[in-house]
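All remarks here apply to the structure that follows.
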Amino acid sequence: MSISHYQSCKKDDLLPRELIFTGTFMRIIPIRPTQLLLWMFSGFLLAGCAPEVVEVQRKTPTLFPQAVIETTPTVDGGGSGRFVFSSYREGESGIFTMGVDGSGIVRLTEDKARLNQPAWSPDGSHIAYVRREWPTNLEIYVMKADGSDQIRLTRNFGSYDIEPDWSPDSSQIAYASSQHRSLDIYTMDLASFQQTQLTDHLGIDSSPDWSPDGEQIVYRSQRGDNNEIFIMNADGSGKRNLTDNPASDTDPTWSPDGSKIAFVSDREGFEDIYVMNSDGSDPIRLTNSLAKDTYPAWSPDGKLIAFYSDRSGNFDIYVMNANGTNQIQITEHEDFDGFPDWQPQPSRLQAVSIQPPYTINQRNITWLRQNAIQIPSITPRAYYDDLLLAKNVFKDIRVVGLGESAHGTRESILLKLMLVEFLITEFDFNRIIFAIDWETANLLNDYLQNTEGLDDPAEILATLNDASWSTEEMTDLFTMLHYVSNAQYQTWPSVTVAGYHNLSPDLPMDQVIEFLKRVDPAVAEQALERYDCFRRYAPNWFMYAEVSHDQKLKCSDDLKFVYEDLIANQDEYEIASSLDEFSFALLSAQLVAHFEAPYRTGAGEILLETANIRNAAESIQWLVEEGGGENKAIIWTDNIAIADVDTSSAGFPVSLGDFLKVFYGDDLLSIGFAFNSGSVNARTFGMGNPIMPQDVHPSPEGSFEWIAHQLGWPAFLLDLRGIDLSHPGAIWLDQPLYLHSIGEYYRDDDPEAYLIQFHLPTTFDAILYIDEVTPSHLLPSPDE
């Protein structure tokens, strides 16, 4: 697919010549491509604008001897004698067919969405194509040759799935997808609908084309600032550069006999069609136009090449002999005609049969029933007896992370309540760390400890004005925690709560000083002086960023000195205290130094966000280790925070869950939450809009939640650790799947914006699924 022809489109749709992915991290709610990617594809690949007529100053071109323009309007090419192509001739881009001489044009699709890049199956019975679901989402569909039975193949929401190409035996489709941010080459097996990623780098890999024997795939790859033609084995191995030319080389396509590859290059100043041997040797220029000639497509007999060009002032389809002679204009219309593909002779192969990809697979349901732990009841008085079957899931676990798929749901909070009581009374968990500020957590902790004057946690919770916190369900949680913490005959430890948001470095500073006072009073005085350069800005830490660069460097050195001095005296200090006390003091000193760093460096958005997430993770670690190494902690947060996802190589911040997994390894159990349908409490978009019940669209076909719904259970817990993903009933888990993710806001008119894609077995240790949710019961606001 040629990039540069879109430069004749409307100004707002122009595509930069060199495509560079720069990361703007969005808190994956849901995962969305960057704004650059969105802008880039508004015109890229899908002829997203109606091209303006461009006046091209002409001169008599100097052609290679063999590339003499003929006028004989004879076109054959083998096959059925028809093209499929896309066109704007009847409004929004649709899929059409016509005779290879331009006659007999038939529209196959009646769709308001933008449709492009049609590709015939090798037997000529089906057409794969790209449908623009909305500006941020392009998906691959397939239909029969007459336009009937349209089936959606990909469901990578928020992704661009483009440029489908059939394998020679019609069993797979190769395509380019941005589901992991940058465009890479994937294949989909049309029997199992499993997606396999073949390339993985920060540039753009696109335009895949299978070799006629099915053994290799040729594709376009952006390396640095240049586009090259690469080849690889069909399993993604053996990648190598065929062109290695400083010009831009794109849109490769194999000749039917496998001996040649046609492609597009601007190595002579304009985009023209070239052909080379399949090993990259002997490139020959076939077209020589001052316009843009792009998207070559071989005829089934290999004697002709179709392409589209704006040489007439508008994009139309042309055909030429395979040596560049006899270039004939096939379409002549004021709107865009492009992406031609020749129909093979029908029934040349066994006819393709494609079933809808998301029909219910009984093997998956049977496997789920055998491996999931059913939770038959979610009620305010449903004790945790149903969780006793899950005791082995939590064996030898020290830290449990509880996610959340929607903030304002009654069932999610009640299940968390059941899990918390279960973990406290069965496994002696004694600390709960919430995603709230530590000042509010301290007030709630005072209530648990029977501090005088705090008889009702609702007084504190109501002030938060939050669909998750200002609820009767959270009041029930703290009432339960108060009971278990103060039960007269309890056999479990007392429970404390803490908050990891906005944890002030005052606290770890104090811990370091108090430790040093016990083991080395003289050094304690020095540490107090060194900490003063930073502590003086409490609680307005942002003011520290305004001091001079030299002052910040001096202060940073002082904070690091305290940390490094602890390490230098480790043996002496451990003898004077204990290993646990020293470790906690060292962790406190490290947290202070890390907290200062973002304010000093003025780091970019991604680095600053990563630093803040790291500080949150270290704050959690500090709270877990506080008071010694015997704490067993529950982290109460959401799916995004607890997910073990390292996207730093793609320019995104590392997740909180990834840091925690590094800290605790197998001692951490992260539980993601999921639900199929129901209602939540959330705000509609707009300044000052209140929290109110919002109906949520059911999970789409093919998502994890859609498959889980088929089980018919109200809730279940699925342990993802150690799953044999090669098992026929479990293989569906070994791909990106979608979960709901709803935060403070919800828009009914954009339901797929609230879905996030995860590879579940590597992202979470377990999934807690709820079939239907209802809104949380909000507390009256303090003003009512």
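In the structure tokens, each chain is lettered A, B, ... as it comes, each chain's residues begin at 1, and ligands are numbered from 1 in order of appearance.
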Pick out each residue of segment 492-528 of chain A that DSSP on the backbone tags as strand (DSSP E); I need them as a list in words. Thr496, Val497, Ala498, Gly499, Tyr500 and His501 of chain A
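The space between atom CA of Leu528 of chain A and atom CA of Asp580 of chain A spans 22.2 Å.
Taking atom CA of Lys560 of chain A and atom CA of Leu507 of chain A as the two end points, the separation is 16.9 Å.
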Nearest residue to Pro256 of chain A from the set A:Gly269, A:Leu768, A:Gly302, A:Arg600 (distances using only C-alpha atoms):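 Result for the nearest residue to Pro256 of chain A: A:Gly302.
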Which residue is closest to Leu725 of chain A? Choose from A:Ser548, A:Trp367, A:Phe704, A:Asp666 and count only C-alpha atoms.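 Between A:Ser548, A:Trp367, A:Phe704, A:Asp666, the residue approaching Leu725 of chain A most closely is A:Trp367.
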Find the residues around Met143 of chain A up to 8 Å (only C-alpha atoms counted), leave out those fewer than 5 positions away in its own chain, and share them as an MDAnalysis selection string. chainID A and resid 126:128 148:151
For all heavy atoms, I'd like the residues from the last selection saved as a CSV table (one decimal), in the first residue's frame.
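Output saved as again05.csv:
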```
chain,number,residue,atom,x,y,z
A,126,HIS,N,-14.5,-16.0,-1.9
A,126,HIS,CA,-14.6,-15.0,-0.7
A,126,HIS,C,-13.8,-13.8,-0.9
A,126,HIS,O,-12.8,-13.8,-1.7
A,126,HIS,CB,-14.3,-15.7,0.6
A,126,HIS,CG,-15.3,-16.6,1.1
A,126,HIS,ND1,-15.5,-17.9,0.5
A,126,HIS,CD2,-16.2,-16.5,2.1
A,126,HIS,CE1,-16.5,-18.5,1.2
A,126,HIS,NE2,-16.9,-17.7,2.1
A,127,ILE,N,-14.1,-12.7,-0.2
A,127,ILE,CA,-13.3,-11.5,-0.3
A,127,ILE,C,-13.1,-11.1,1.2
A,127,ILE,O,-14.0,-10.9,1.9
A,127,ILE,CB,-14.1,-10.4,-1.0
A,127,ILE,CG1,-14.3,-10.8,-2.5
A,127,ILE,CG2,-13.3,-9.1,-0.9
A,127,ILE,CD1,-15.3,-9.8,-3.2
A,128,ALA,N,-11.8,-10.9,1.5
A,128,ALA,CA,-11.5,-10.2,2.8
A,128,ALA,C,-11.4,-8.7,2.6
A,128,ALA,O,-11.0,-8.3,1.5
A,128,ALA,CB,-10.2,-10.8,3.4
A,148,SER,N,-22.5,-11.3,0.2
A,148,SER,CA,-23.4,-11.9,1.3
A,148,SER,C,-22.5,-12.5,2.4
A,148,SER,O,-21.3,-12.7,2.2
A,148,SER,CB,-24.3,-12.9,0.7
A,148,SER,OG,-23.6,-14.0,0.2
A,149,ASP,N,-23.2,-12.8,3.5
A,149,ASP,CA,-22.6,-13.5,4.7
A,149,ASP,C,-21.3,-12.7,5.1
A,149,ASP,O,-20.2,-13.3,5.2
A,149,ASP,CB,-22.3,-14.9,4.3
A,149,ASP,CG,-23.5,-15.7,4.0
A,149,ASP,OD1,-24.6,-15.3,4.4
A,149,ASP,OD2,-23.4,-16.8,3.4
A,150,GLN,N,-21.4,-11.5,5.5
A,150,GLN,CA,-20.3,-10.7,6.0
A,150,GLN,C,-20.0,-11.1,7.4
A,150,GLN,O,-20.9,-11.1,8.3
A,150,GLN,CB,-20.6,-9.2,5.9
A,150,GLN,CG,-20.8,-8.8,4.4
A,150,GLN,CD,-21.2,-7.3,4.3
A,150,GLN,OE1,-21.2,-6.6,5.3
A,150,GLN,NE2,-21.7,-6.9,3.1
A,151,ILE,N,-18.7,-11.5,7.7
A,151,ILE,CA,-18.3,-12.0,9.0
A,151,ILE,C,-17.1,-11.2,9.5
A,151,ILE,O,-16.2,-11.0,8.7
A,151,ILE,CB,-17.9,-13.5,8.9
A,151,ILE,CG1,-19.1,-14.4,8.5
A,151,ILE,CG2,-17.4,-14.0,10.2
A,151,ILE,CD1,-18.8,-15.8,8.2
```
Would you kindly return, as a compact mmCIF listing (two decimals) with C-alpha atoms, in the first residue's frame, each protein, DNA or RNA residue with an atom no farther than 7 Å from any atom of Ser588 of chain A, considering only C-alpha atoms and excluding same-chain residues fewer than 2 positions away?
```
# COMPACT_ATOMS: atom_id res chain seq x y z
CA PRO A 508 9.82 7.27 55.29
CA MET A 509 12.16 10.13 56.28
CA GLN A 511 11.49 6.02 59.74
CA VAL A 512 15.11 6.46 58.61
CA PHE A 584 12.77 -1.37 56.25
CA ALA A 585 15.04 1.61 56.96
CA LEU A 586 16.88 1.01 53.68
CA GLN A 590 15.29 4.49 48.77
CA LEU A 591 11.68 5.71 48.62
CA VAL A 592 12.77 9.23 49.66
CA TRP A 622 7.00 0.26 52.17
```
Contacts of Phe716 of chain A at 9 Å (only C-alpha atoms; same-chain gap of 2+ positions) as a PyMOL selection string: chain A and resi 372-376+713-714+718+767-771
Take the residues that were just selected and, keeping N, CA and C atoms, output them as an mmCIF file, in the first residue's frame.
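Output contents, as saved in selection.cif:
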```cif
data_model
loop_
_atom_site.group_PDB
_atom_site.id
_atom_site.type_symbol
_atom_site.label_atom_id
_atom_site.label_comp_id
_atom_site.auth_asym_id
_atom_site.auth_seq_id
_atom_site.Cartn_x
_atom_site.Cartn_y
_atom_site.Cartn_z
ATOM 1 N N ALA A 372 -12.767 -23.786 36.643
ATOM 2 C CA ALA A 372 -13.177 -22.627 37.429
ATOM 3 C C ALA A 372 -13.826 -23.084 38.741
ATOM 4 N N ILE A 373 -13.772 -22.209 39.739
ATOM 5 C CA ILE A 373 -14.384 -22.473 41.042
ATOM 6 C C ILE A 373 -15.644 -21.625 41.140
ATOM 7 N N GLN A 374 -16.792 -22.271 41.177
ATOM 8 C CA GLN A 374 -18.059 -21.551 41.161
ATOM 9 C C GLN A 374 -18.305 -20.816 42.472
ATOM 10 N N ILE A 375 -18.834 -19.594 42.366
ATOM 11 C CA ILE A 375 -19.292 -18.815 43.512
ATOM 12 C C ILE A 375 -20.790 -18.610 43.300
ATOM 13 N N PRO A 376 -21.624 -19.430 43.926
ATOM 14 C CA PRO A 376 -23.048 -19.440 43.580
ATOM 15 C C PRO A 376 -23.850 -18.282 44.138
ATOM 16 N N TRP A 713 -22.999 -19.414 35.211
ATOM 17 C CA TRP A 713 -22.783 -19.275 36.649
ATOM 18 C C TRP A 713 -22.852 -17.801 37.043
ATOM 19 N N PRO A 714 -23.347 -17.485 38.239
ATOM 20 C CA PRO A 714 -23.386 -16.080 38.665
ATOM 21 C C PRO A 714 -22.000 -15.489 38.878
ATOM 22 N N LEU A 718 -11.140 -18.195 38.482
ATOM 23 C CA LEU A 718 -10.329 -19.033 37.608
ATOM 24 C C LEU A 718 -8.858 -18.746 37.870
ATOM 25 N N ILE A 767 -8.637 -14.754 37.601
ATOM 26 C CA ILE A 767 -9.731 -13.892 37.178
ATOM 27 C C ILE A 767 -10.957 -14.211 38.028
ATOM 28 N N LEU A 768 -11.598 -13.161 38.528
ATOM 29 C CA LEU A 768 -12.853 -13.324 39.248
ATOM 30 C C LEU A 768 -13.956 -12.743 38.358
ATOM 31 N N TYR A 769 -14.800 -13.621 37.862
ATOM 32 C CA TYR A 769 -15.837 -13.233 36.900
ATOM 33 C C TYR A 769 -17.195 -13.113 37.585
ATOM 34 N N ILE A 770 -17.941 -12.050 37.247
ATOM 35 C CA ILE A 770 -19.302 -11.828 37.726
ATOM 36 C C ILE A 770 -20.193 -11.713 36.495
ATOM 37 N N ASP A 771 -21.281 -12.462 36.448
ATOM 38 C CA ASP A 771 -22.102 -12.477 35.250
ATOM 39 C C ASP A 771 -22.884 -11.186 35.066
#
```
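Among the candidates A:Leu739, A:Ala524, A:Leu669, A:Leu190, the residue lying nearest to Asp396 of chain A is A:Leu669 (atoms considered: only C-alpha atoms).
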Output as an MDAnalysis selection string all residues of segment 503-684 of chain A that backbone DSSP marks as helix (DSSP H, G or I). chainID A and resid 506:519 521:535 541:546 549:568 570:576 579:601 605:625 639:642 648:650 656:667
Pick out the residues sitting within 10 Å of Lys239 of chain A, and hand them over as a compact mmCIF listing (two decimals) with N, CA and C atoms, in the first residue's frame; count only C-alpha atoms, and ignore anything fewer than 2 positions along from it in its own chain.
```
# COMPACT_ATOMS: atom_id res chain seq x y z
N LEU A 198 3.85 -12.13 14.20
CA LEU A 198 5.07 -12.56 13.51
C LEU A 198 6.20 -11.55 13.62
N THR A 199 5.90 -10.26 13.73
CA THR A 199 6.94 -9.24 13.85
C THR A 199 6.68 -8.42 15.11
N GLN A 216 6.71 -18.43 2.72
CA GLN A 216 7.30 -17.15 3.11
C GLN A 216 6.27 -16.04 3.01
N ILE A 217 6.58 -14.93 3.66
CA ILE A 217 5.76 -13.72 3.58
C ILE A 217 6.69 -12.55 3.31
N VAL A 218 6.37 -11.77 2.30
CA VAL A 218 7.11 -10.54 2.02
C VAL A 218 6.30 -9.39 2.59
N PHE A 230 11.05 -6.47 3.25
CA PHE A 230 11.63 -7.58 3.99
C PHE A 230 10.92 -8.87 3.61
N ILE A 231 11.56 -9.97 3.90
CA ILE A 231 10.98 -11.30 3.68
C ILE A 231 11.21 -12.10 4.95
N MET A 232 10.30 -13.01 5.26
CA MET A 232 10.47 -13.88 6.42
C MET A 232 9.76 -15.21 6.13
N ASN A 233 10.10 -16.21 6.90
CA ASN A 233 9.38 -17.47 6.82
C ASN A 233 7.96 -17.26 7.36
N GLY A 236 7.45 -16.44 10.96
CA GLY A 236 8.06 -15.23 11.51
C GLY A 236 9.56 -15.30 11.65
N SER A 237 10.16 -16.42 11.38
CA SER A 237 11.62 -16.56 11.49
C SER A 237 12.31 -16.12 10.20
N ASN A 241 16.33 -8.28 4.80
CA ASN A 241 16.04 -7.13 3.95
C ASN A 241 16.33 -7.47 2.50
N LEU A 242 15.34 -7.26 1.63
CA LEU A 242 15.54 -7.54 0.20
C LEU A 242 16.02 -6.32 -0.58
```
If you count only C-alpha atoms, which residues fall within 10 Å of Asp244 of chain A, apart from same-chain ones fewer than 5 positions away, as a ChimeraX atom specification? /A:226-230,249,280
Using only all heavy atoms, please write the residues we just selected to a file, as a PDB file, in the first residue's frame.
```
ATOM      1  N   ASN A 226      13.399   4.926   7.106  1.00  0.00           N
ATOM      2  CA  ASN A 226      13.265   4.427   5.745  1.00  0.00           C
ATOM      3  C   ASN A 226      12.380   3.191   5.705  1.00  0.00           C
ATOM      4  O   ASN A 226      12.311   2.412   6.658  1.00  0.00           O
ATOM      5  CB  ASN A 226      14.658   4.081   5.187  1.00  0.00           C
ATOM      6  CG  ASN A 226      14.633   3.804   3.700  1.00  0.00           C
ATOM      7  OD1 ASN A 226      13.826   4.381   2.978  1.00  0.00           O
ATOM      8  ND2 ASN A 226      15.488   2.913   3.242  1.00  0.00           N
ATOM      9  N   ASN A 227      11.691   3.017   4.566  1.00  0.00           N
ATOM     10  CA  ASN A 227      10.871   1.833   4.331  1.00  0.00           C
ATOM     11  C   ASN A 227      11.631   0.869   3.427  1.00  0.00           C
ATOM     12  O   ASN A 227      12.141   1.264   2.381  1.00  0.00           O
ATOM     13  CB  ASN A 227       9.551   2.218   3.663  1.00  0.00           C
ATOM     14  CG  ASN A 227       8.689   3.081   4.548  1.00  0.00           C
ATOM     15  OD1 ASN A 227       8.443   2.746   5.702  1.00  0.00           O
ATOM     16  ND2 ASN A 227       8.222   4.203   4.018  1.00  0.00           N
ATOM     17  N   GLU A 228      11.658  -0.397   3.830  1.00  0.00           N
ATOM     18  CA  GLU A 228      12.341  -1.425   3.050  1.00  0.00           C
ATOM     19  C   GLU A 228      11.388  -2.600   2.824  1.00  0.00           C
ATOM     20  O   GLU A 228      10.383  -2.754   3.533  1.00  0.00           O
ATOM     21  CB  GLU A 228      13.595  -1.934   3.785  1.00  0.00           C
ATOM     22  CG  GLU A 228      14.635  -0.870   4.085  1.00  0.00           C
ATOM     23  CD  GLU A 228      15.478  -0.472   2.883  1.00  0.00           C
ATOM     24  OE1 GLU A 228      15.208  -0.987   1.784  1.00  0.00           O
ATOM     25  OE2 GLU A 228      16.398   0.332   3.045  1.00  0.00           O
ATOM     26  N   ILE A 229      11.734  -3.437   1.848  1.00  0.00           N
ATOM     27  CA  ILE A 229      11.005  -4.675   1.612  1.00  0.00           C
ATOM     28  C   ILE A 229      11.756  -5.801   2.320  1.00  0.00           C
ATOM     29  O   ILE A 229      12.937  -6.036   2.043  1.00  0.00           O
ATOM     30  CB  ILE A 229      10.874  -4.995   0.114  1.00  0.00           C
ATOM     31  CG1 ILE A 229      10.253  -3.817  -0.640  1.00  0.00           C
ATOM     32  CG2 ILE A 229      10.055  -6.264  -0.071  1.00  0.00           C
ATOM     33  CD1 ILE A 229       8.885  -3.413  -0.162  1.00  0.00           C
ATOM     34  N   PHE A 230      11.052  -6.468   3.248  1.00  0.00           N
ATOM     35  CA  PHE A 230      11.631  -7.584   3.994  1.00  0.00           C
ATOM     36  C   PHE A 230      10.915  -8.871   3.608  1.00  0.00           C
ATOM     37  O   PHE A 230       9.794  -8.864   3.085  1.00  0.00           O
ATOM     38  CB  PHE A 230      11.480  -7.367   5.499  1.00  0.00           C
ATOM     39  CG  PHE A 230      12.617  -6.600   6.129  1.00  0.00           C
ATOM     40  CD1 PHE A 230      12.825  -5.262   5.812  1.00  0.00           C
ATOM     41  CD2 PHE A 230      13.471  -7.195   7.037  1.00  0.00           C
ATOM     42  CE1 PHE A 230      13.860  -4.546   6.387  1.00  0.00           C
ATOM     43  CE2 PHE A 230      14.512  -6.497   7.625  1.00  0.00           C
ATOM     44  CZ  PHE A 230      14.717  -5.163   7.304  1.00  0.00           C
ATOM     45  N   ASP A 249      10.724   1.966  -0.094  1.00  0.00           N
ATOM     46  CA  ASP A 249      10.229   0.813  -0.845  1.00  0.00           C
ATOM     47  C   ASP A 249       9.053   0.205  -0.078  1.00  0.00           C
ATOM     48  O   ASP A 249       9.188  -0.147   1.100  1.00  0.00           O
ATOM     49  CB  ASP A 249      11.328  -0.231  -1.026  1.00  0.00           C
ATOM     50  CG  ASP A 249      12.523   0.321  -1.791  1.00  0.00           C
ATOM     51  OD1 ASP A 249      12.304   1.067  -2.764  1.00  0.00           O
ATOM     52  OD2 ASP A 249      13.663   0.013  -1.401  1.00  0.00           O
ATOM     53  N   GLY A 280      15.533 -10.273  -4.300  1.00  0.00           N
ATOM     54  CA  GLY A 280      15.859  -8.853  -4.195  1.00  0.00           C
ATOM     55  C   GLY A 280      16.779  -8.342  -5.282  1.00  0.00           C
ATOM     56  O   GLY A 280      17.066  -7.137  -5.333  1.00  0.00           O
TER      57      GLY A 280
END
```
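If only C-alpha atoms are the atoms counted, then among A:Pro457, A:Pro751, A:Gly338, A:Gly678 the closest residue to Arg89 of chain A is A:Gly338.
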Take atom CA of Asp123 of chain A and atom CA of Phe96 of chain A and report the distance between them in Å, one decimal. 18.2 Å
Can you write out as a tab-separated table which residues of segment 149-224 of chain A fall within 8 Å of segment 105-122 of chain A, alongside each residue's closest atom pair and its distance in Å to one decimal, counting only C-alpha atoms and ordering rows by chain and ascending residue number?
```
residue	atom	partner	partner_atom	distance
A:Ile162	CA	A:Gln117	CA	7.7
A:Glu163	CA	A:Gln117	CA	6.1
A:Pro164	CA	A:Ala119	CA	6.7
A:Asp165	CA	A:Ala119	CA	6.4
A:Trp166	CA	A:Ser121	CA	5.9
A:Ser167	CA	A:Pro122	CA	7.8
A:Pro168	CA	A:Pro122	CA	6.1
A:Asp169	CA	A:Pro122	CA	7.2
A:Ser170	CA	A:Pro122	CA	6.4
```
Write a file of the just-selected residues containing N, CA, C and O atoms, as a compact mmCIF listing (two decimals), in the first residue's frame.
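So the final result, stored in again17.txt, reads:
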```
# COMPACT_ATOMS: atom_id res chain seq x y z
N ILE A 162 -5.46 -4.20 9.27
CA ILE A 162 -5.52 -3.75 7.88
C ILE A 162 -4.77 -4.71 6.96
O ILE A 162 -4.06 -5.60 7.42
N GLU A 163 -4.94 -4.51 5.67
CA GLU A 163 -4.17 -5.16 4.61
C GLU A 163 -4.23 -6.69 4.67
O GLU A 163 -3.22 -7.37 4.76
N PRO A 164 -5.44 -7.27 4.61
CA PRO A 164 -5.53 -8.73 4.66
C PRO A 164 -4.98 -9.38 3.39
O PRO A 164 -5.14 -8.86 2.28
N ASP A 165 -4.34 -10.55 3.55
CA ASP A 165 -3.84 -11.32 2.43
C ASP A 165 -3.99 -12.80 2.75
O ASP A 165 -3.56 -13.26 3.81
N TRP A 166 -4.60 -13.56 1.85
CA TRP A 166 -4.89 -14.97 2.07
C TRP A 166 -3.65 -15.83 1.86
O TRP A 166 -2.87 -15.59 0.94
N SER A 167 -3.52 -16.87 2.68
CA SER A 167 -2.51 -17.88 2.39
C SER A 167 -2.96 -18.68 1.18
O SER A 167 -4.15 -18.75 0.86
N PRO A 168 -2.02 -19.29 0.46
CA PRO A 168 -2.39 -20.00 -0.78
C PRO A 168 -3.42 -21.10 -0.58
O PRO A 168 -4.19 -21.40 -1.50
N ASP A 169 -3.44 -21.73 0.61
CA ASP A 169 -4.42 -22.79 0.84
C ASP A 169 -5.69 -22.27 1.51
O ASP A 169 -6.56 -23.06 1.91
N SER A 170 -5.81 -20.95 1.66
CA SER A 170 -6.99 -20.28 2.24
C SER A 170 -7.22 -20.60 3.71
O SER A 170 -8.27 -20.27 4.25
```
